[in-house]
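Q: Hey, dropping query_19.txt in here, compact mmCIF, C-alpha atoms:
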# COMPACT_ATOMS: atom_id res chain seq x y z
CA MET A 506 47.02 46.59 70.14
CA SER A 507 45.14 49.63 68.87
CA GLY A 508 41.36 49.86 68.94
CA HIS A 509 41.21 50.21 65.17
CA LYS A 510 43.17 46.97 64.68
CA VAL A 511 41.00 44.99 67.11
CA ARG A 512 37.84 46.32 65.50
CA GLY A 513 39.21 45.36 62.05
CA GLN A 514 39.94 41.80 63.19
CA ARG A 515 36.42 41.45 64.59
CA ILE A 516 34.91 42.67 61.33
CA PHE A 517 37.07 40.20 59.40
CA ARG A 518 35.98 37.28 61.64
CA LEU A 519 32.33 38.28 61.29
CA ALA A 520 32.62 38.46 57.49
CA LEU A 521 34.36 35.07 57.41
CA ALA A 522 31.67 33.48 59.59
CA THR A 523 28.95 34.94 57.38
CA ALA A 524 30.62 33.60 54.24
CA VAL A 525 30.87 30.12 55.76
CA LEU A 526 27.22 30.24 56.79
CA VAL A 527 26.15 31.22 53.27
CA LEU A 528 28.08 28.27 51.83
CA VAL A 529 26.74 25.78 54.36
CA ALA A 530 23.18 27.07 54.66
CA PRO A 531 21.68 25.35 51.58
CA SER A 532 22.76 21.89 52.71
CA LEU A 533 21.65 22.58 56.28
CA LEU A 534 18.34 23.81 54.97
CA ALA A 535 17.81 20.62 52.98
CA ASP A 536 18.55 18.56 56.09
CA GLU A 537 16.42 20.60 58.47
CA ILE A 538 13.28 21.18 56.37
CA ARG A 539 10.88 18.30 56.68
CA ASN A 540 7.64 17.55 54.88
CA PRO A 541 4.88 17.89 57.51
CA PHE A 542 2.80 15.30 55.62
CA SER A 543 5.52 12.69 55.13
CA GLY A 544 4.02 9.20 54.99
CA ASP A 545 0.44 10.50 55.30
CA ALA A 546 -1.71 8.45 52.89
CA LYS A 547 -4.57 10.97 52.98
CA ALA A 548 -2.19 13.81 52.12
CA ALA A 549 -0.73 11.73 49.28
CA LYS A 550 -4.23 11.31 47.84
CA SER A 551 -4.81 15.05 48.01
CA GLY A 552 -1.41 15.56 46.42
CA GLU A 553 -2.35 13.31 43.52
CA PHE A 554 -5.39 15.52 42.87
CA GLU A 555 -3.25 18.68 42.98
CA PHE A 556 -0.67 17.05 40.70
CA ARG A 557 -3.30 16.25 38.06
CA ILE A 558 -4.43 19.88 38.01
CA ASN A 559 -1.09 21.63 38.18
CA CYS A 560 1.66 19.25 37.04
CA ALA A 561 0.35 16.48 34.78
CA PHE A 562 0.28 18.75 31.71
CA CYS A 563 4.08 18.55 31.59
CA HIS A 564 4.95 15.51 33.72
CA GLY A 565 2.16 13.20 32.56
CA LEU A 566 -0.49 11.36 34.54
CA GLY A 567 1.18 9.21 37.12
CA ALA A 568 4.26 11.50 37.01
CA ARG A 569 6.02 9.17 34.57
CA GLY A 570 7.21 12.00 32.37
CA GLY A 571 5.77 13.94 29.47
CA GLY A 572 7.10 15.66 26.40
CA ARG A 573 8.66 18.48 28.40
CA GLY A 574 8.63 17.34 32.04
CA PRO A 575 10.83 14.56 33.47
CA ASP A 576 9.78 11.31 35.09
CA LEU A 577 9.32 12.16 38.79
CA THR A 578 8.89 8.57 40.00
CA ARG A 579 12.65 8.00 39.91
CA ALA A 580 14.56 8.21 43.19
CA HIS A 581 17.30 10.37 41.65
CA LYS A 582 16.09 13.70 40.34
CA ARG A 583 18.29 15.97 38.29
CA HIS A 584 17.68 19.12 40.34
CA GLY A 585 17.81 17.66 43.84
CA ASP A 586 16.47 14.62 45.68
CA ALA A 587 15.58 16.03 49.12
CA ASP A 588 12.07 17.17 50.05
CA ALA A 589 13.42 20.71 50.44
CA ASP A 590 14.79 20.58 46.89
CA LEU A 591 11.43 19.47 45.51
CA PHE A 592 9.61 22.19 47.46
CA GLN A 593 12.02 24.83 46.12
CA ASN A 594 11.67 23.59 42.54
CA ILE A 595 7.86 23.56 42.66
CA SER A 596 7.55 26.84 44.51
CA GLN A 597 10.20 28.93 42.73
CA GLY A 598 10.66 27.06 39.43
CA ILE A 599 14.02 26.00 37.99
CA PRO A 600 16.01 28.74 36.22
CA GLY A 601 17.22 27.81 32.76
CA THR A 602 14.47 25.23 32.27
CA VAL A 603 10.77 25.32 31.34
CA MET A 604 9.79 24.55 34.95
CA PRO A 605 7.77 27.63 36.02
CA ALA A 606 7.32 29.07 39.46
CA ASN A 607 4.15 28.11 41.31
CA GLY A 608 1.08 29.72 39.78
CA THR A 609 2.80 31.28 36.75
CA ASN A 610 2.30 28.66 34.03
CA GLY A 611 -1.38 29.15 33.27
CA GLN A 612 -2.16 25.55 34.21
CA GLY A 613 -4.20 25.10 37.37
CA VAL A 614 -3.90 27.74 40.11
CA GLY A 615 -1.32 28.95 42.56
CA MET A 616 -0.85 26.41 45.35
CA THR A 617 -0.42 26.91 49.07
CA ASP A 618 2.66 25.56 50.86
CA ASP A 619 0.57 22.71 52.27
CA GLU A 620 -0.63 21.74 48.80
CA ILE A 621 2.96 21.67 47.52
CA TRP A 622 3.96 19.43 50.43
CA GLN A 623 1.01 17.16 49.61
CA ILE A 624 2.24 16.84 46.02
CA ILE A 625 5.68 15.90 47.33
CA THR A 626 4.03 13.31 49.60
CA TYR A 627 2.26 11.88 46.56
CA LEU A 628 5.50 11.74 44.58
CA ARG A 629 7.22 9.92 47.45
CA SER A 630 4.38 7.41 47.57
CA ILE A 631 4.88 6.41 43.92
CA GLN A 632 8.65 6.76 43.83
CA VAL A 633 10.64 3.76 42.68
CA GLN A 634 13.00 3.11 45.58
CA SER A 635 15.79 1.39 43.68
CA PRO A 636 16.86 1.69 40.04
CA GLY A 637 15.96 -1.16 37.76
CA LYS A 638 18.45 -3.36 36.03
CA PRO A 639 20.42 -1.40 33.39
CA VAL A 640 18.75 -1.63 30.01
CA GLY A 641 21.92 -2.27 28.03
CA ASN A 642 25.51 -1.28 27.32
CA ALA A 643 25.66 2.52 27.31
CA ALA A 644 29.17 2.68 25.81
CA HIS A 645 28.11 0.55 22.84
CA GLY A 646 24.91 2.56 22.59
CA LYS A 647 26.90 5.78 22.23
CA GLU A 648 28.94 4.21 19.43
CA LEU A 649 25.74 3.21 17.65
CA PHE A 650 24.10 6.61 18.19
CA TYR A 651 26.97 8.46 16.54
CA GLY A 652 27.83 5.63 14.16
CA ASP A 653 26.00 2.79 12.44
CA ALA A 654 22.50 3.60 13.75
CA ASN A 655 22.86 7.11 12.30
CA CYS A 656 20.83 8.74 15.08
CA ALA A 657 23.12 11.77 15.31
CA SER A 658 22.38 12.78 11.73
CA CYS A 659 19.06 14.17 12.99
CA HIS A 660 19.30 14.24 16.79
CA MET A 661 21.57 16.17 19.13
CA VAL A 662 22.92 15.05 22.51
CA GLU A 663 24.85 17.50 24.66
CA GLY A 664 25.45 19.83 21.73
CA SER A 665 26.67 17.18 19.28
CA GLY A 666 24.55 15.93 16.39
CA GLY A 667 21.83 17.10 14.02
CA ARG A 668 19.00 19.61 14.48
CA LEU A 669 16.25 18.13 12.33
CA GLY A 670 14.92 15.92 15.13
CA PRO A 671 14.31 16.72 18.81
CA ASP A 672 17.30 17.26 21.10
CA LEU A 673 17.64 14.02 23.11
CA THR A 674 19.95 15.26 25.87
CA ALA A 675 17.27 15.10 28.56
CA VAL A 676 15.03 12.47 27.02
CA GLY A 677 16.29 9.88 29.52
CA THR A 678 14.57 11.75 32.35
CA ALA A 679 11.52 12.91 30.41
CA ARG A 680 10.45 9.63 28.81
CA THR A 681 9.95 6.05 29.94
CA VAL A 682 11.86 3.20 28.33
CA ASP A 683 8.67 1.88 26.72
CA SER A 684 7.93 5.25 25.10
CA LEU A 685 11.49 5.49 23.76
CA VAL A 686 11.17 2.04 22.20
CA GLU A 687 7.83 3.05 20.67
CA SER A 688 9.37 6.21 19.20
CA VAL A 689 12.00 4.15 17.41
CA ARG A 690 9.85 1.25 16.27
CA THR A 691 6.71 3.23 15.33
CA PRO A 692 7.74 6.91 15.15
CA SER A 693 4.46 8.15 13.67
CA LYS A 694 2.28 6.67 16.43
CA ARG A 695 2.91 9.48 18.90
CA LEU A 696 4.61 12.55 17.46
CA ALA A 697 7.03 14.57 19.57
CA TRP A 698 6.69 18.31 20.02
CA GLY A 699 8.36 20.58 17.49
CA LEU A 700 11.90 21.93 17.74
CA THR A 701 10.90 25.21 19.38
CA GLU A 702 7.94 23.95 21.38
CA SER A 703 9.36 23.25 24.84
CA THR A 704 8.76 26.79 26.09
CA LYS A 705 5.30 27.24 24.57
CA GLU A 706 2.10 26.95 26.56
CA PHE A 707 0.32 24.89 23.90
CA ALA A 708 2.85 22.76 22.11
CA GLN A 709 2.70 21.95 18.41
CA GLU A 710 3.31 18.41 17.22
CA TYR A 711 6.47 17.58 15.30
CA ARG A 712 4.76 17.54 11.90
CA THR A 713 6.20 16.80 8.48
CA VAL A 714 5.58 19.49 5.87
CA THR A 715 6.04 19.55 2.09
CA VAL A 716 6.07 22.90 0.29
CA VAL A 717 5.88 23.32 -3.50
CA THR A 718 7.42 26.65 -4.50
CA PRO A 719 6.18 28.86 -7.37
CA ASP A 720 8.81 27.35 -9.69
CA GLY A 721 7.67 23.80 -8.90
CA ARG A 722 10.49 22.91 -6.50
CA GLU A 723 9.45 20.53 -3.68
CA ILE A 724 10.91 21.13 -0.22
CA LYS A 725 10.29 18.64 2.60
CA GLY A 726 11.08 19.03 6.27
CA VAL A 727 9.55 19.87 9.64
CA THR A 728 7.42 22.80 10.77
CA LEU A 729 9.16 25.28 13.07
CA ASN A 730 6.55 28.05 13.34
CA GLU A 731 3.30 28.76 11.57
CA ASP A 732 0.55 31.36 11.57
CA GLN A 733 -2.34 32.22 9.28
CA PHE A 734 -0.11 33.92 6.70
CA SER A 735 3.34 32.31 6.89
CA LEU A 736 5.20 29.08 7.49
CA GLN A 737 8.73 28.61 8.82
CA MET A 738 10.27 25.19 8.25
CA MET A 739 13.58 23.33 8.37
CA ASP A 740 14.33 21.06 5.42
CA THR A 741 16.11 17.71 5.57
CA ALA A 742 19.46 19.44 4.97
CA GLU A 743 18.79 21.65 8.05
CA HIS A 744 18.21 24.79 5.98
CA VAL A 745 15.54 27.11 7.40
CA HIS A 746 12.92 28.57 5.03
CA LEU A 747 10.21 31.17 5.54
CA PHE A 748 7.28 31.11 3.11
CA GLU A 749 4.31 33.39 2.64
CA LYS A 750 1.41 31.00 2.20
CA ASP A 751 -0.28 32.89 -0.63
CA LYS A 752 2.93 32.85 -2.69
CA VAL A 753 3.57 29.10 -2.89
CA ARG A 754 1.81 26.47 -5.00
CA SER A 755 0.93 24.21 -2.09
CA ILE A 756 1.63 23.32 1.52
CA GLN A 757 0.92 19.83 2.81
CA GLU A 758 1.35 18.88 6.45
CA THR A 759 1.06 15.32 7.71
CA ARG A 760 1.45 13.38 10.96
CA GLU A 761 3.80 10.97 9.20
CA SER A 762 7.14 11.32 10.97
CA LEU A 763 10.28 12.02 8.98
CA MET A 764 12.08 9.58 11.25
CA PRO A 765 12.56 6.21 9.52
CA ILE A 766 11.01 3.10 11.03
CA TYR A 767 13.76 1.12 12.74
CA ASN A 768 12.41 -2.43 12.57
CA LEU A 769 14.25 -5.51 13.80
CA THR A 770 16.03 -6.05 10.49
CA ILE A 771 17.57 -2.56 10.73
CA LEU A 772 18.12 -2.34 14.50
CA SER A 773 18.07 -5.38 16.78
CA ASP A 774 16.51 -5.29 20.24
CA PRO A 775 19.90 -5.60 22.00
CA ASP A 776 21.31 -2.69 19.97
CA LEU A 777 18.22 -0.59 20.72
CA ASP A 778 18.61 -1.42 24.43
CA ASP A 779 22.19 -0.15 24.26
CA ILE A 780 21.15 3.14 22.62
CA ILE A 781 18.46 3.66 25.26
CA ALA A 782 21.01 2.90 28.01
CA PHE A 783 23.20 5.66 26.56
CA LEU A 784 20.29 8.15 26.52
CA LEU A 785 19.26 7.22 30.05
CA GLY A 786 22.81 7.78 31.27
CA VAL A 787 23.02 11.21 29.65
CA GLY A 788 19.58 12.25 30.89
CA THR A 789 20.32 11.47 34.54
CA LYS A 790 23.69 13.25 34.78
Here is the file; what I need is its structure written in the form of structure tokens.

A:
Amino acid sequence: MSGHKVRGQRIFRLALATAVLVLVAPSLLADEIRNPFSGDAKAAKSGEFEFRINCAFCHGLGARGGGRGPDLTRAHKRHGDADADLFQNISQGIPGTVMPANGTNGQGVGMTDDEIWQIITYLRSIQVQSPGKPVGNAAHGKELFYGDANCASCHMVEGSGGRLGPDLTAVGTARTVDSLVESVRTPSKRLAWGLTESTKEFAQEYRTVTVVTPDGREIKGVTLNEDQFSLQMMDTAEHVHLFEKDKVRSIQETRESLMPIYNLTILSDPDLDDIIAFLLGVGTK
């Protein structure tokens, strides 16, 4: 066998071994990396303090989820369950989401590796070890969402539905069951963030706006963007308008949600449980 052929075979084997290592490395890394503070109650307490400074703005106090950050007390997490996954997500951020890399979001300060591990220790200390009993029938909830309950006329899930209300694809991981019930039963009590707010540092509430044009026409919808001189809004037919404030008769913004109040006569508790089960199932995929 010629020297060139032997050398070529060796190069091929080396390339193949390298490719296999690249494919296997992430899973090995997740298995091998361990939290140095695992189970340390003092570290968990320090982690809670760091979490309040750096993470609670998005994930809420107690890590139960906020308007843009998911509930981190659940055992299953959408972007990885291992300690190594959590460390990677906190340290480097999550591409394609609003989760920033450590120290880049303007909230709190950049954290050391030890401080990140302490946060993970805190999250493990409050993590719910086993999922609770299913809220309802997700299949029936999906039928209601896109059918009789008329949710999809305003809300989108996985690219299907309306745009007037917030996209609910990930709401099952970002919100608790109690907060979802509250949003349906008393929608004006705690307004969601606006349609384009998830990537903004200081989010704007999902406010209802009514504009009276120079010819007396009244247009009602939700605020998309606003500055001192102009207002961009989406009306109830999902048409987008841009107004110069000094050229309209009036602009009135309120904290009264456009979402109708779904009381028990309109939507029973069992049916609402089914809709929430559907949203929870989608959010945890």

Q: Quick one: pull the distance between atom CA of Gly646 of chain A and atom CA of Ala782 of chain A, Å, one decimal.

A: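 Separation between atom CA of Gly646 of chain A and atom CA of Ala782 of chain A: 6.7 Å.
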
Q: Excluding same-chain residues fewer than 3 positions from segment 762-765 of chain A, what lies within 10 Å of it counting all atoms listed in the file, as number ranges by chain?

A: A: 656, 659, 669-670, 688-697, 711-714, 725-727, 741, 759, 768

Q: Provide the atom CA of Pro775 of chain A to atom CA of Asn642 of chain A distance in Å, to one decimal place.

A: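 These two atoms are separated by 8.9 Å.
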
Q: May I have the residues at most 10 Å from (25.5, 15.7, 21.9) in the file's coordinates, counting only C-alpha atoms, as JSON, numbers by chain?

A: {"A": [650, 651, 657, 660, 661, 662, 663, 664, 665, 666, 667, 672, 673, 674, 787]}

Q: So which one's closest to Asn559 of chain A, A:Leu685, A:Ile771, A:Ala606, A:Val676? Using all atoms listed in the file, please.

A: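 Residue with the minimum atom-to-atom distance to Asn559 of chain A: A:Ala606.
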
Q: Hey, what's within 7 Å of Pro719 of chain A if we count all atoms listed in the file and toss same-chain stuff fewer than 4 positions away? As an NGL selection string, please?

A: :A and (752-754)

Q: Atom CA of Asp778 of chain A and atom CA of Thr602 of chain A are how many Å apart?

A: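 Computed distance, atom CA of Asp778 of chain A to atom CA of Thr602 of chain A, equals 28.1 Å.
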
Q: Just checking: using only C-alpha atoms, which residue out of A:Thr718, A:Asn655, A:Ser551, A:Gln593 ends up closest to Phe748 of chain A?

A: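 For Phe748 of chain A, the nearest of the given residues is A:Thr718.
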
Q: Where does segment 568-667 of chain A meet segment 545-548 of chain A within 10 Å, residue by residue, with the nearest atom pair and distance in Å to one decimal for each, counting only C-alpha atoms, listed by chain and rising number, as a Markdown table?

A:
| residue | atom | partner | partner_atom | distance |
| --- | --- | --- | --- | --- |
| A:Asp619 | CA | A:Ala548 | CA | 9.3 |
| A:Glu620 | CA | A:Ala548 | CA | 8.7 |
| A:Trp622 | CA | A:Ala548 | CA | 8.5 |
| A:Gln623 | CA | A:Ala548 | CA | 5.3 |
| A:Ile624 | CA | A:Ala548 | CA | 8.1 |
| A:Ile625 | CA | A:Ala548 | CA | 9.4 |
| A:Thr626 | CA | A:Ala548 | CA | 6.7 |
| A:Tyr627 | CA | A:Ala548 | CA | 7.4 |
| A:Ser630 | CA | A:Ala546 | CA | 8.2 |

Q: Considering all atoms listed in the file, return as number ranges by chain whatever protein or nucleic-acid residues lie within 12 Å of Leu591 of chain A, sequence-local ones (same chain, fewer than 5 positions apart) excluded.

A: A: 535, 538-540, 577, 580-586, 596-599, 604, 618, 621-629

Q: Looking at A:Lys750, A:Val640, A:Glu555, A:Gln632, which one is nearest to Glu731 of chain A, with distances taken over all atoms listed in the file?

A: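 Ranking A:Lys750, A:Val640, A:Glu555, A:Gln632 by distance to Glu731 of chain A, first place goes to A:Lys750.
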
Q: Nearest to Ile766 of chain A among A:Lys647, A:Phe734, A:Glu553, A:Glu687, with distances taken over all atoms listed in the file: which residue is it?

A: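 Looking only at the distances to Ile766 of chain A, the closest residue turns out to be A:Glu687.
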
Q: Using only C-alpha atoms for the distances, tell me which of A:Leu566, A:Ala643, A:Ile558, A:Ile781 is nearest to Asp683 of chain A.

A: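 Residue with the minimum atom-to-atom distance to Asp683 of chain A: A:Ile781.
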
Q: So which one's closest to Thr715 of chain A, A:Gly601, A:Gln757, A:Gln737, A:Ala587? Using only C-alpha atoms, please.

A: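 Comparing A:Gly601, A:Gln757, A:Gln737, A:Ala587 against Thr715 of chain A, the winner is A:Gln757.
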